[in-house]
Amino acid sequence: MSRSVVIDCLPESAFRYRSEYVVVVVDVIRATTTAATAVSTGRRVFPARTTDEAVVVASTLENPLFVGELGGNMPYGFDLTNSPAQIAGRDDVQRPMVLVSSSGTNLLMNAAASKAVYIACFRNFSAVAKLLIEKHDRVALLGAGTRGQFRREDQICCAWIGEKLIAAGYKPETVQTREYVYRWKGDDLDTVREGRSAEYLKNSGQEQDLEFVLSHVDDLNIVPALVNYELKPAD
């Protein structure tokens with residue numbers, strides 16, 4: 001059977017792929033990094049599209065931790081913003097996390113009906129590629145996007161996974177997919193510092209998250225999968 005990969009972006013893109021593809025959701029700054037970090041500590045993680053949905057999900061959990069941002073701002077009543085650095089520093093891992101973000105969790109929930117749904121970030125891109133190569137033939141790597149833009153950090157993460165898949169024999173389904181892989185092959189992550197996401201973190205006093213993202217690369221072997229609306233380590 002032929003194997004193929006496509007790179008695309010934005011939350012609505014999930015609807016194009018979920019019937020025929022395995023979907024990998026990428027929102028490096030910051031939802032998938034925050035979620036992967038939380039799952040790696042043993043914390044249960046439940047994504048939600050909106051604060052109202054988060055409240056409904058939380059009502060079924062004991063002492064939940066509300067984490068997230070909408071439009072860059074932490075919603076009223078939440079415990080902390082969408083911060084991988086902050087979640088990594090907490091020791092209350094027994095508290096389940098309900099996560100909301102402007103784009104990442106929307107993309108994740110839109111993809112929920114796919115054959116399988118995984119999340120990726122710089123921390124686990126090699127582990128994600130390895131799992132895909134072992135288990136799946138048709139893969140969609142989807143960047144969450146911010147304000148309608150495919151941000152460079154998400155392009156890079158998708159491209160790095162795509163590069164490994166192509167090396168393993170996957171065919172890029174679109175010219176754009178091939179171009180992303182070529183553009184970001186072997187790229188220095190310092191280029192992320194020049195992007196709009198990095199600029200926002202710097203200007204809003206959240207540079208610790210930028211440094212966390214750039215200093216934690218390929219250091220996790222887990223691949224969180226969306227199973228019954230909860231992110232769990234893939235088997």
# chains A, B, ... in the order shown; residues from 1 in each chain; ligands from 1
$ select_by_dssp --residues "region 27-202 of chain A" --states "alpha helix (DSSP H)" --output "VMD selection string"
chain A and resid 31 to 40 51 to 58 84 to 88 104 to 110 125 to 135 152 to 167 175 to 184 196 to 202
$ closest_atom_pairs --of "region 97-157 of chain A" --to "region 11-19 of chain A" --cutoff "7 Å" --atoms "only C-alpha atoms" --output "Markdown table"
| residue | atom | partner | partner_atom | distance |
| --- | --- | --- | --- | --- |
| A:Ser103 | CA | A:Pro11 | CA | 6.3 |
| A:Asn106 | CA | A:Pro11 | CA | 5.9 |
| A:Leu107 | CA | A:Pro11 | CA | 4.0 |
| A:Asn110 | CA | A:Ala14 | CA | 5.8 |
| A:Ala111 | CA | A:Ala14 | CA | 5.1 |
| A:Ala113 | CA | A:Arg18 | CA | 6.1 |
| A:Ser114 | CA | A:Arg18 | CA | 4.0 |
| A:Lys115 | CA | A:Arg18 | CA | 6.8 |
| A:Ala140 | CA | A:Tyr17 | CA | 6.8 |
| A:Ala144 | CA | A:Pro11 | CA | 5.8 |
$ closest_atom_pairs --of "region 106-150 of chain A" --to "region 223-228 of chain A" --cutoff "7 Å" --atoms "only C-alpha atoms" --output "tab-separated table"
residue	atom	partner	partner_atom	distance
A:Val117	CA	A:Leu226	CA	5.5
A:Tyr118	CA	A:Ala225	CA	4.3
A:Ile119	CA	A:Pro224	CA	5.8
A:Asn124	CA	A:Val223	CA	6.9
A:Ala127	CA	A:Val223	CA	6.5
A:Val128	CA	A:Val223	CA	5.8
$ select_by_dssp --residues "region 71-186 of chain A" --states "strand (DSSP E)" --output "compact mmCIF listing (two decimals) with C-alpha atoms, in the first residue's frame"
# COMPACT_ATOMS: atom_id res chain seq x y z
CA MET A 97 -6.13 19.67 33.44
CA VAL A 98 -8.81 21.18 31.24
CA LEU A 99 -7.08 23.03 28.39
CA VAL A 100 -8.51 25.77 26.17
CA VAL A 117 -5.43 11.95 16.45
CA TYR A 118 -2.04 12.76 17.96
CA ILE A 119 -0.37 15.95 19.15
CA ALA A 120 3.16 17.03 18.33
CA ARG A 138 -1.88 8.27 5.29
CA VAL A 139 -0.97 11.20 7.51
CA ALA A 140 -2.12 14.83 7.76
CA LEU A 141 0.22 17.14 9.70
CA LEU A 142 -1.89 20.16 10.66
CA GLY A 143 -0.64 23.41 12.16
CA LYS A 171 4.98 10.49 -0.75
CA PRO A 172 4.21 14.20 -0.25
$ atom_distance --atom1 "CA of Gly205 (chain A)" --atom2 "CA of Ser83 (chain A)"
12.0 Å
$ atom_distance --atom1 "CA of Gly71 (chain A)" --atom2 "CA of Ala48 (chain A)"
15.0 Å
$ residues_around --residues "Tyr200 (chain A)" --least-positions-apart "6" --cutoff "10 Å" --atoms "only C-alpha atoms" --output "list of chain:residue names"
A:Gly72, A:Gln206, A:Glu207, A:Leu210
$ closest_atom_pairs --of "region 72-103 of chain A" --to "region 49-64 of chain A" --cutoff "12 Å" --atoms "only C-alpha atoms" --output "CSV"
residue,atom,partner,partner_atom,distance
A:Met74,CA,A:Thr51,CA,10.4
A:Pro75,CA,A:Thr51,CA,7.4
A:Tyr76,CA,A:Thr51,CA,9.1
A:Gly77,CA,A:Thr51,CA,9.7
A:Phe78,CA,A:Thr51,CA,9.1
A:Asp79,CA,A:Pro64,CA,9.5
A:Leu80,CA,A:Pro64,CA,11.9
A:Asp92,CA,A:Asn63,CA,10.4
A:Val93,CA,A:Pro64,CA,10.4
A:Gln94,CA,A:Asn63,CA,8.9
A:Arg95,CA,A:Pro64,CA,5.4
A:Pro96,CA,A:Pro64,CA,5.0
A:Met97,CA,A:Pro64,CA,5.8
A:Val98,CA,A:Ala54,CA,6.2
A:Leu99,CA,A:Ala54,CA,7.4
A:Val100,CA,A:Arg49,CA,5.9
A:Ser101,CA,A:Arg49,CA,7.2
A:Ser102,CA,A:Arg49,CA,8.0
A:Ser103,CA,A:Arg49,CA,8.5
$ atom_distance --atom1 "CA of Asp27 (chain A)" --atom2 "CA of Ala88 (chain A)"
17.2 Å
$ closest_residue --among "A:Ala38, A:Ala159, A:Val22, A:Cys121" --to "Ile133 (chain A)" --atoms "only C-alpha atoms"
A:Val22
$ closest_atom_pairs --of "region 62-174 of chain A" --to "region 186-192 of chain A" --cutoff "12 Å" --atoms "only C-alpha atoms" --output "JSON lines"
{"residue": "A:Phe122", "atom": "CA", "partner": "A:Leu189", "partner_atom": "CA", "distance": 9.8}
{"residue": "A:Arg151", "atom": "CA", "partner": "A:Val192", "partner_atom": "CA", "distance": 9.1}
{"residue": "A:Arg152", "atom": "CA", "partner": "A:Val192", "partner_atom": "CA", "distance": 6.6}
{"residue": "A:Glu153", "atom": "CA", "partner": "A:Val192", "partner_atom": "CA", "distance": 5.8}
{"residue": "A:Asp154", "atom": "CA", "partner": "A:Val192", "partner_atom": "CA", "distance": 9.6}
{"residue": "A:Gln155", "atom": "CA", "partner": "A:Val192", "partner_atom": "CA", "distance": 10.3}
{"residue": "A:Ile156", "atom": "CA", "partner": "A:Asp187", "partner_atom": "CA", "distance": 7.8}
{"residue": "A:Cys157", "atom": "CA", "partner": "A:Leu189", "partner_atom": "CA", "distance": 10.2}
{"residue": "A:Ala159", "atom": "CA", "partner": "A:Gly186", "partner_atom": "CA", "distance": 9.8}
{"residue": "A:Trp160", "atom": "CA", "partner": "A:Gly186", "partner_atom": "CA", "distance": 8.2}
{"residue": "A:Ile161", "atom": "CA", "partner": "A:Gly186", "partner_atom": "CA", "distance": 11.8}
{"residue": "A:Glu163", "atom": "CA", "partner": "A:Gly186", "partner_atom": "CA", "distance": 9.8}
{"residue": "A:Lys164", "atom": "CA", "partner": "A:Gly186", "partner_atom": "CA", "distance": 11.7}
